[in-house]
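Asker: Okay, so here is final02.pdb, and as you'll see once you scroll down, it has PDB, N, CA and C atoms.
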ATOM      1  N   MET T1089     -18.229 -29.598  -5.498  1.00  0.00           N
ATOM      2  CA  MET T1089     -16.879 -29.121  -5.359  1.00  0.00           C
ATOM      3  C   MET T1089     -16.779 -28.327  -4.058  1.00  0.00           C
ATOM      4  N   THR T1090     -15.712 -28.538  -3.316  1.00  0.00           N
ATOM      5  CA  THR T1090     -15.530 -27.836  -2.048  1.00  0.00           C
ATOM      6  C   THR T1090     -14.647 -26.614  -2.245  1.00  0.00           C
ATOM      7  N   ILE T1091     -14.640 -25.751  -1.240  1.00  0.00           N
ATOM      8  CA  ILE T1091     -13.811 -24.548  -1.290  1.00  0.00           C
ATOM      9  C   ILE T1091     -12.334 -24.918  -1.344  1.00  0.00           C
ATOM     10  N   ASP T1092     -11.952 -26.008  -0.666  1.00  0.00           N
ATOM     11  CA  ASP T1092     -10.559 -26.456  -0.692  1.00  0.00           C
ATOM     12  C   ASP T1092     -10.135 -26.884  -2.095  1.00  0.00           C
ATOM     13  N   GLU T1093     -11.061 -27.379  -2.873  1.00  0.00           N
ATOM     14  CA  GLU T1093     -10.760 -27.752  -4.251  1.00  0.00           C
ATOM     15  C   GLU T1093     -10.705 -26.529  -5.166  1.00  0.00           C
ATOM     16  N   LEU T1094     -11.430 -25.480  -4.807  1.00  0.00           N
ATOM     17  CA  LEU T1094     -11.474 -24.276  -5.632  1.00  0.00           C
ATOM     18  C   LEU T1094     -10.282 -23.351  -5.421  1.00  0.00           C
ATOM     19  N   ILE T1095      -9.791 -23.260  -4.202  1.00  0.00           N
ATOM     20  CA  ILE T1095      -8.732 -22.307  -3.858  1.00  0.00           C
ATOM     21  C   ILE T1095      -7.526 -22.402  -4.791  1.00  0.00           C
ATOM     22  N   PRO T1096      -6.982 -23.592  -5.070  1.00  0.00           N
ATOM     23  CA  PRO T1096      -5.825 -23.641  -5.979  1.00  0.00           C
ATOM     24  C   PRO T1096      -6.117 -23.070  -7.370  1.00  0.00           C
ATOM     25  N   SER T1097      -7.354 -23.116  -7.800  1.00  0.00           N
ATOM     26  CA  SER T1097      -7.718 -22.549  -9.101  1.00  0.00           C
ATOM     27  C   SER T1097      -7.876 -21.037  -9.031  1.00  0.00           C
ATOM     28  N   ILE T1098      -8.202 -20.520  -7.859  1.00  0.00           N
ATOM     29  CA  ILE T1098      -8.447 -19.088  -7.697  1.00  0.00           C
ATOM     30  C   ILE T1098      -7.151 -18.319  -7.488  1.00  0.00           C
ATOM     31  N   ILE T1099      -6.201 -18.899  -6.786  1.00  0.00           N
ATOM     32  CA  ILE T1099      -4.956 -18.209  -6.434  1.00  0.00           C
ATOM     33  C   ILE T1099      -4.246 -17.606  -7.649  1.00  0.00           C
ATOM     34  N   PRO T1100      -4.090 -18.328  -8.758  1.00  0.00           N
ATOM     35  CA  PRO T1100      -3.350 -17.728  -9.881  1.00  0.00           C
ATOM     36  C   PRO T1100      -4.119 -16.666 -10.676  1.00  0.00           C
ATOM     37  N   LEU T1101      -5.391 -16.461 -10.387  1.00  0.00           N
ATOM     38  CA  LEU T1101      -6.173 -15.461 -11.117  1.00  0.00           C
ATOM     39  C   LEU T1101      -5.641 -14.062 -10.845  1.00  0.00           C
ATOM     40  N   SER T1102      -5.799 -13.183 -11.816  1.00  0.00           N
ATOM     41  CA  SER T1102      -5.432 -11.781 -11.607  1.00  0.00           C
ATOM     42  C   SER T1102      -6.436 -11.149 -10.644  1.00  0.00           C
ATOM     43  N   ASP T1103      -6.080  -9.990 -10.119  1.00  0.00           N
ATOM     44  CA  ASP T1103      -6.990  -9.299  -9.201  1.00  0.00           C
ATOM     45  C   ASP T1103      -8.317  -8.976  -9.882  1.00  0.00           C
ATOM     46  N   ALA T1104      -8.258  -8.559 -11.134  1.00  0.00           N
ATOM     47  CA  ALA T1104      -9.489  -8.234 -11.863  1.00  0.00           C
ATOM     48  C   ALA T1104     -10.371  -9.466 -12.024  1.00  0.00           C
ATOM     49  N   GLU T1105      -9.749 -10.612 -12.305  1.00  0.00           N
ATOM     50  CA  GLU T1105     -10.527 -11.840 -12.455  1.00  0.00           C
ATOM     51  C   GLU T1105     -11.129 -12.271 -11.122  1.00  0.00           C
ATOM     52  N   LYS T1106     -10.407 -12.057 -10.035  1.00  0.00           N
ATOM     53  CA  LYS T1106     -10.938 -12.397  -8.710  1.00  0.00           C
ATOM     54  C   LYS T1106     -12.140 -11.520  -8.378  1.00  0.00           C
ATOM     55  N   ILE T1107     -12.066 -10.250  -8.744  1.00  0.00           N
ATOM     56  CA  ILE T1107     -13.195  -9.344  -8.501  1.00  0.00           C
ATOM     57  C   ILE T1107     -14.397  -9.780  -9.329  1.00  0.00           C
ATOM     58  N   ARG T1108     -14.164 -10.170 -10.577  1.00  0.00           N
ATOM     59  CA  ARG T1108     -15.266 -10.660 -11.415  1.00  0.00           C
ATOM     60  C   ARG T1108     -15.873 -11.924 -10.828  1.00  0.00           C
ATOM     61  N   LEU T1109     -15.037 -12.782 -10.249  1.00  0.00           N
ATOM     62  CA  LEU T1109     -15.523 -14.003  -9.608  1.00  0.00           C
ATOM     63  C   LEU T1109     -16.412 -13.657  -8.414  1.00  0.00           C
ATOM     64  N   VAL T1110     -15.961 -12.709  -7.606  1.00  0.00           N
ATOM     65  CA  VAL T1110     -16.757 -12.287  -6.447  1.00  0.00           C
ATOM     66  C   VAL T1110     -18.084 -11.700  -6.915  1.00  0.00           C
ATOM     67  N   GLN T1111     -18.050 -10.902  -7.974  1.00  0.00           N
ATOM     68  CA  GLN T1111     -19.285 -10.330  -8.504  1.00  0.00           C
ATOM     69  C   GLN T1111     -20.246 -11.422  -8.953  1.00  0.00           C
ATOM     70  N   ALA T1112     -19.723 -12.443  -9.612  1.00  0.00           N
ATOM     71  CA  ALA T1112     -20.573 -13.538 -10.083  1.00  0.00           C
ATOM     72  C   ALA T1112     -21.195 -14.288  -8.913  1.00  0.00           C
ATOM     73  N   VAL T1113     -20.410 -14.529  -7.869  1.00  0.00           N
ATOM     74  CA  VAL T1113     -20.928 -15.230  -6.687  1.00  0.00           C
ATOM     75  C   VAL T1113     -21.998 -14.381  -6.005  1.00  0.00           C
ATOM     76  N   LEU T1114     -21.739 -13.088  -5.862  1.00  0.00           N
ATOM     77  CA  LEU T1114     -22.728 -12.205  -5.235  1.00  0.00           C
ATOM     78  C   LEU T1114     -24.006 -12.136  -6.056  1.00  0.00           C
ATOM     79  N   GLN T1115     -23.858 -12.125  -7.367  1.00  0.00           N
ATOM     80  CA  GLN T1115     -25.035 -12.094  -8.230  1.00  0.00           C
ATOM     81  C   GLN T1115     -25.862 -13.367  -8.065  1.00  0.00           C
ATOM     82  N   GLN T1116     -25.195 -14.512  -7.956  1.00  0.00           N
ATOM     83  CA  GLN T1116     -25.911 -15.770  -7.741  1.00  0.00           C
ATOM     84  C   GLN T1116     -26.626 -15.776  -6.399  1.00  0.00           C
ATOM     85  N   LEU T1117     -25.953 -15.273  -5.363  1.00  0.00           N
ATOM     86  CA  LEU T1117     -26.580 -15.228  -4.038  1.00  0.00           C
ATOM     87  C   LEU T1117     -27.799 -14.310  -4.044  1.00  0.00           C
ATOM     88  N   ALA T1118     -27.677 -13.163  -4.697  1.00  0.00           N
ATOM     89  CA  ALA T1118     -28.804 -12.234  -4.776  1.00  0.00           C
ATOM     90  C   ALA T1118     -29.957 -12.856  -5.549  1.00  0.00           C
ATOM     91  N   HIS T1119     -29.640 -13.551  -6.624  1.00  0.00           N
ATOM     92  CA  HIS T1119     -30.682 -14.213  -7.420  1.00  0.00           C
ATOM     93  C   HIS T1119     -31.382 -15.290  -6.594  1.00  0.00           C
ATOM     94  N   LYS T1120     -30.608 -16.009  -5.804  1.00  0.00           N
ATOM     95  CA  LYS T1120     -31.173 -17.058  -4.949  1.00  0.00           C
ATOM     96  C   LYS T1120     -32.133 -16.466  -3.917  1.00  0.00           C
ATOM     97  N   GLU T1121     -31.830 -15.254  -3.462  1.00  0.00           N
ATOM     98  CA  GLU T1121     -32.684 -14.574  -2.489  1.00  0.00           C
ATOM     99  C   GLU T1121     -33.874 -13.889  -3.155  1.00  0.00           C
ATOM    100  N   GLY T1122     -33.941 -13.954  -4.471  1.00  0.00           N
ATOM    101  CA  GLY T1122     -35.057 -13.342  -5.182  1.00  0.00           C
ATOM    102  C   GLY T1122     -34.856 -11.878  -5.493  1.00  0.00           C
ATOM    103  N   LYS T1123     -33.648 -11.394  -5.347  1.00  0.00           N
ATOM    104  CA  LYS T1123     -33.354  -9.993  -5.640  1.00  0.00           C
ATOM    105  C   LYS T1123     -32.666  -9.919  -6.993  1.00  0.00           C
ATOM    106  N   THR T1124     -32.992  -8.865  -7.727  1.00  0.00           N
ATOM    107  CA  THR T1124     -32.331  -8.680  -9.015  1.00  0.00           C
ATOM    108  C   THR T1124     -31.242  -7.634  -8.850  1.00  0.00           C
ATOM    109  N   VAL T1125     -30.047  -8.029  -9.157  1.00  0.00           N
ATOM    110  CA  VAL T1125     -28.896  -7.139  -9.039  1.00  0.00           C
ATOM    111  C   VAL T1125     -28.148  -7.177 -10.356  1.00  0.00           C
ATOM    112  N   GLN T1126     -27.895  -6.029 -10.897  1.00  0.00           N
ATOM    113  CA  GLN T1126     -27.115  -5.942 -12.120  1.00  0.00           C
ATOM    114  C   GLN T1126     -25.745  -5.385 -11.778  1.00  0.00           C
ATOM    115  N   LEU T1127     -24.755  -6.235 -11.831  1.00  0.00           N
ATOM    116  CA  LEU T1127     -23.390  -5.805 -11.587  1.00  0.00           C
ATOM    117  C   LEU T1127     -22.693  -5.624 -12.925  1.00  0.00           C
ATOM    118  N   PRO T1128     -21.889  -4.574 -13.050  1.00  0.00           N
ATOM    119  CA  PRO T1128     -21.182  -4.386 -14.317  1.00  0.00           C
ATOM    120  C   PRO T1128     -20.164  -5.502 -14.524  1.00  0.00           C
ATOM    121  N   LEU T1129     -20.136  -6.056 -15.717  1.00  0.00           N
ATOM    122  CA  LEU T1129     -19.177  -7.112 -16.008  1.00  0.00           C
ATOM    123  C   LEU T1129     -17.841  -6.547 -16.451  1.00  0.00           C
ATOM    124  N   GLN T1130     -17.838  -5.302 -16.897  1.00  0.00           N
ATOM    125  CA  GLN T1130     -16.597  -4.664 -17.298  1.00  0.00           C
ATOM    126  C   GLN T1130     -16.512  -3.305 -16.639  1.00  0.00           C
ATOM    127  N   VAL T1131     -15.303  -2.875 -16.407  1.00  0.00           N
ATOM    128  CA  VAL T1131     -15.084  -1.565 -15.813  1.00  0.00           C
ATOM    129  C   VAL T1131     -15.324  -0.520 -16.890  1.00  0.00           C
ATOM    130  N   ALA T1132     -16.161   0.455 -16.574  1.00  0.00           N
ATOM    131  CA  ALA T1132     -16.494   1.477 -17.553  1.00  0.00           C
ATOM    132  C   ALA T1132     -15.305   2.386 -17.836  1.00  0.00           C
ATOM    133  N   GLU T1133     -14.477   2.598 -16.844  1.00  0.00           N
ATOM    134  CA  GLU T1133     -13.352   3.509 -16.967  1.00  0.00           C
ATOM    135  C   GLU T1133     -12.099   2.769 -16.525  1.00  0.00           C
ATOM    136  N   HIS T1134     -11.016   2.950 -17.243  1.00  0.00           N
ATOM    137  CA  HIS T1134      -9.758   2.301 -16.873  1.00  0.00           C
ATOM    138  C   HIS T1134      -9.273   2.870 -15.546  1.00  0.00           C
ATOM    139  N   PHE T1135      -8.971   1.987 -14.605  1.00  0.00           N
ATOM    140  CA  PHE T1135      -8.509   2.414 -13.290  1.00  0.00           C
ATOM    141  C   PHE T1135      -7.059   2.850 -13.379  1.00  0.00           C
ATOM    142  N   ASP T1136      -6.775   4.060 -12.948  1.00  0.00           N
ATOM    143  CA  ASP T1136      -5.416   4.579 -12.943  1.00  0.00           C
ATOM    144  C   ASP T1136      -5.035   4.917 -11.510  1.00  0.00           C
ATOM    145  N   PRO T1137      -4.213   4.081 -10.853  1.00  0.00           N
ATOM    146  CA  PRO T1137      -3.869   4.328  -9.457  1.00  0.00           C
ATOM    147  C   PRO T1137      -3.098   5.625  -9.258  1.00  0.00           C
ATOM    148  N   LYS T1138      -2.485   6.150 -10.309  1.00  0.00           N
ATOM    149  CA  LYS T1138      -1.726   7.397 -10.179  1.00  0.00           C
ATOM    150  C   LYS T1138      -2.635   8.563  -9.803  1.00  0.00           C
ATOM    151  N   ARG T1139      -3.928   8.467 -10.175  1.00  0.00           N
ATOM    152  CA  ARG T1139      -4.864   9.541  -9.806  1.00  0.00           C
ATOM    153  C   ARG T1139      -5.045   9.625  -8.301  1.00  0.00           C
ATOM    154  N   PHE T1140      -4.878   8.493  -7.616  1.00  0.00           N
ATOM    155  CA  PHE T1140      -5.138   8.444  -6.188  1.00  0.00           C
ATOM    156  C   PHE T1140      -3.873   8.553  -5.350  1.00  0.00           C
ATOM    157  N   TYR T1141      -2.703   8.551  -5.982  1.00  0.00           N
ATOM    158  CA  TYR T1141      -1.452   8.625  -5.245  1.00  0.00           C
ATOM    159  C   TYR T1141      -1.367   9.958  -4.513  1.00  0.00           C
ATOM    160  N   GLY T1142      -1.113   9.889  -3.243  1.00  0.00           N
ATOM    161  CA  GLY T1142      -0.954  11.086  -2.442  1.00  0.00           C
ATOM    162  C   GLY T1142      -2.245  11.649  -1.893  1.00  0.00           C
ATOM    163  N   VAL T1143      -3.385  11.059  -2.209  1.00  0.00           N
ATOM    164  CA  VAL T1143      -4.663  11.576  -1.724  1.00  0.00           C
ATOM    165  C   VAL T1143      -4.706  11.539  -0.205  1.00  0.00           C
ATOM    166  N   ALA T1144      -4.262  10.445   0.380  1.00  0.00           N
ATOM    167  CA  ALA T1144      -4.285  10.306   1.837  1.00  0.00           C
ATOM    168  C   ALA T1144      -2.970  10.725   2.467  1.00  0.00           C
ATOM    169  N   HIS T1145      -2.015  11.153   1.663  1.00  0.00           N
ATOM    170  CA  HIS T1145      -0.692  11.491   2.186  1.00  0.00           C
ATOM    171  C   HIS T1145      -0.764  12.613   3.217  1.00  0.00           C
ATOM    172  N   HIS T1146      -1.564  13.610   2.957  1.00  0.00           N
ATOM    173  CA  HIS T1146      -1.656  14.738   3.876  1.00  0.00           C
ATOM    174  C   HIS T1146      -2.193  14.301   5.242  1.00  0.00           C
ATOM    175  N   SER T1147      -3.246  13.519   5.257  1.00  0.00           N
ATOM    176  CA  SER T1147      -3.804  13.083   6.535  1.00  0.00           C
ATOM    177  C   SER T1147      -2.830  12.164   7.265  1.00  0.00           C
ATOM    178  N   ARG T1148      -2.046  11.388   6.541  1.00  0.00           N
ATOM    179  CA  ARG T1148      -1.027  10.539   7.169  1.00  0.00           C
ATOM    180  C   ARG T1148       0.014  11.415   7.861  1.00  0.00           C
ATOM    181  N   GLN T1149       0.400  12.506   7.228  1.00  0.00           N
ATOM    182  CA  GLN T1149       1.345  13.426   7.846  1.00  0.00           C
ATOM    183  C   GLN T1149       0.760  14.017   9.122  1.00  0.00           C
ATOM    184  N   ASP T1150      -0.506  14.368   9.090  1.00  0.00           N
ATOM    185  CA  ASP T1150      -1.159  14.912  10.276  1.00  0.00           C
ATOM    186  C   ASP T1150      -1.135  13.910  11.422  1.00  0.00           C
ATOM    187  N   VAL T1151      -1.407  12.655  11.123  1.00  0.00           N
ATOM    188  CA  VAL T1151      -1.385  11.612  12.150  1.00  0.00           C
ATOM    189  C   VAL T1151       0.023  11.447  12.694  1.00  0.00           C
ATOM    190  N   ASP T1152       1.016  11.418  11.814  1.00  0.00           N
ATOM    191  CA  ASP T1152       2.405  11.276  12.256  1.00  0.00           C
ATOM    192  C   ASP T1152       2.823  12.437  13.157  1.00  0.00           C
ATOM    193  N   GLN T1153       2.416  13.649  12.796  1.00  0.00           N
ATOM    194  CA  GLN T1153       2.745  14.809  13.621  1.00  0.00           C
ATOM    195  C   GLN T1153       2.061  14.719  14.984  1.00  0.00           C
ATOM    196  N   TYR T1154       0.826  14.274  14.997  1.00  0.00           N
ATOM    197  CA  TYR T1154       0.101  14.127  16.254  1.00  0.00           C
ATOM    198  C   TYR T1154       0.780  13.104  17.151  1.00  0.00           C
ATOM    199  N   VAL T1155       1.153  11.965  16.579  1.00  0.00           N
ATOM    200  CA  VAL T1155       1.816  10.918  17.359  1.00  0.00           C
ATOM    201  C   VAL T1155       3.152  11.428  17.885  1.00  0.00           C
ATOM    202  N   ALA T1156       3.896  12.137  17.051  1.00  0.00           N
ATOM    203  CA  ALA T1156       5.189  12.671  17.479  1.00  0.00           C
ATOM    204  C   ALA T1156       5.014  13.673  18.609  1.00  0.00           C
ATOM    205  N   SER T1157       4.013  14.537  18.514  1.00  0.00           N
ATOM    206  CA  SER T1157       3.802  15.526  19.572  1.00  0.00           C
ATOM    207  C   SER T1157       3.307  14.860  20.852  1.00  0.00           C
ATOM    208  N   ALA T1158       2.535  13.797  20.724  1.00  0.00           N
ATOM    209  CA  ALA T1158       2.058  13.085  21.911  1.00  0.00           C
ATOM    210  C   ALA T1158       3.209  12.375  22.609  1.00  0.00           C
ATOM    211  N   ARG T1159       4.167  11.887  21.860  1.00  0.00           N
ATOM    212  CA  ARG T1159       5.313  11.194  22.448  1.00  0.00           C
ATOM    213  C   ARG T1159       6.241  12.146  23.184  1.00  0.00           C
ATOM    214  N   GLU T1160       6.277  13.409  22.775  1.00  0.00           N
ATOM    215  CA  GLU T1160       7.167  14.376  23.417  1.00  0.00           C
ATOM    216  C   GLU T1160       6.859  14.507  24.900  1.00  0.00           C
ATOM    217  N   GLY T1161       5.621  14.410  25.277  1.00  0.00           N
ATOM    218  CA  GLY T1161       5.234  14.543  26.672  1.00  0.00           C
ATOM    219  C   GLY T1161       5.560  13.327  27.518  1.00  0.00           C
ATOM    220  N   TRP T1162       5.900  12.222  26.898  1.00  0.00           N
ATOM    221  CA  TRP T1162       6.170  10.993  27.639  1.00  0.00           C
ATOM    222  C   TRP T1162       7.573  10.958  28.214  1.00  0.00           C
ATOM    223  N   ASN T1163       8.456  11.770  27.715  1.00  0.00           N
ATOM    224  CA  ASN T1163       9.853  11.734  28.186  1.00  0.00           C
ATOM    225  C   ASN T1163      10.057  12.563  29.411  1.00  0.00           C
TER
END
Would you mind writing the file's structure down as structure tokens?
Answerer:
Amino acid sequence: MTIDELIPSIIPLSDAEKIRLVQAVLQQLAHKEGKTVQLPLQVAEHFDPKRFYGVAHHSRQDVDQYVASAREGWN
């Protein structure tokens, strides 16, 4: 089977299923190289994106302020 034949089957997968697919492929590659890798098949903790909302917001503001102050000198 070629990658072109696989892509249409992969596109409708959920993000979690795509990650599991990548993990399975990486595990096969590691096994082929003679390395033993144990990847978790299930997420131990439910991912909640709300925990991460705003984490980078402050640094984004700093960058925006820097860019704005740098532009002031161009006029």
Asker: Using Å and a single decimal, report how far atom N of Lys1123 (chain T) sits from CA of Asp1092 (chain T).
Answerer: 28.0 Å
Asker: Box in all listed atoms of region 1101-1111 of chain T, axis-aligned, with 4 Å more on each side; write out centre and edge lengths in Å to one decimal as AutoDock Vina command-line options.
Answerer:
--center_x -12.8 --center_y -12.3 --center_z -9.5 --size_x 22.9 --size_y 16.2 --size_z 14.0
Asker: Rounded to one decimal, what separation in Å do you get between CA of Glu1105 (chain T) and CA of His1134 (chain T)?
Answerer: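 Answer for the CA of Glu1105 (chain T) to CA of His1134 (chain T) separation: 14.8 Å.
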Asker: Take atom N of Asp1150 (chain T) and atom C of Pro1137 (chain T) and report the distance between them in Å, one decimal.
Answerer: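 Between these atoms lies a distance of 20.5 Å.
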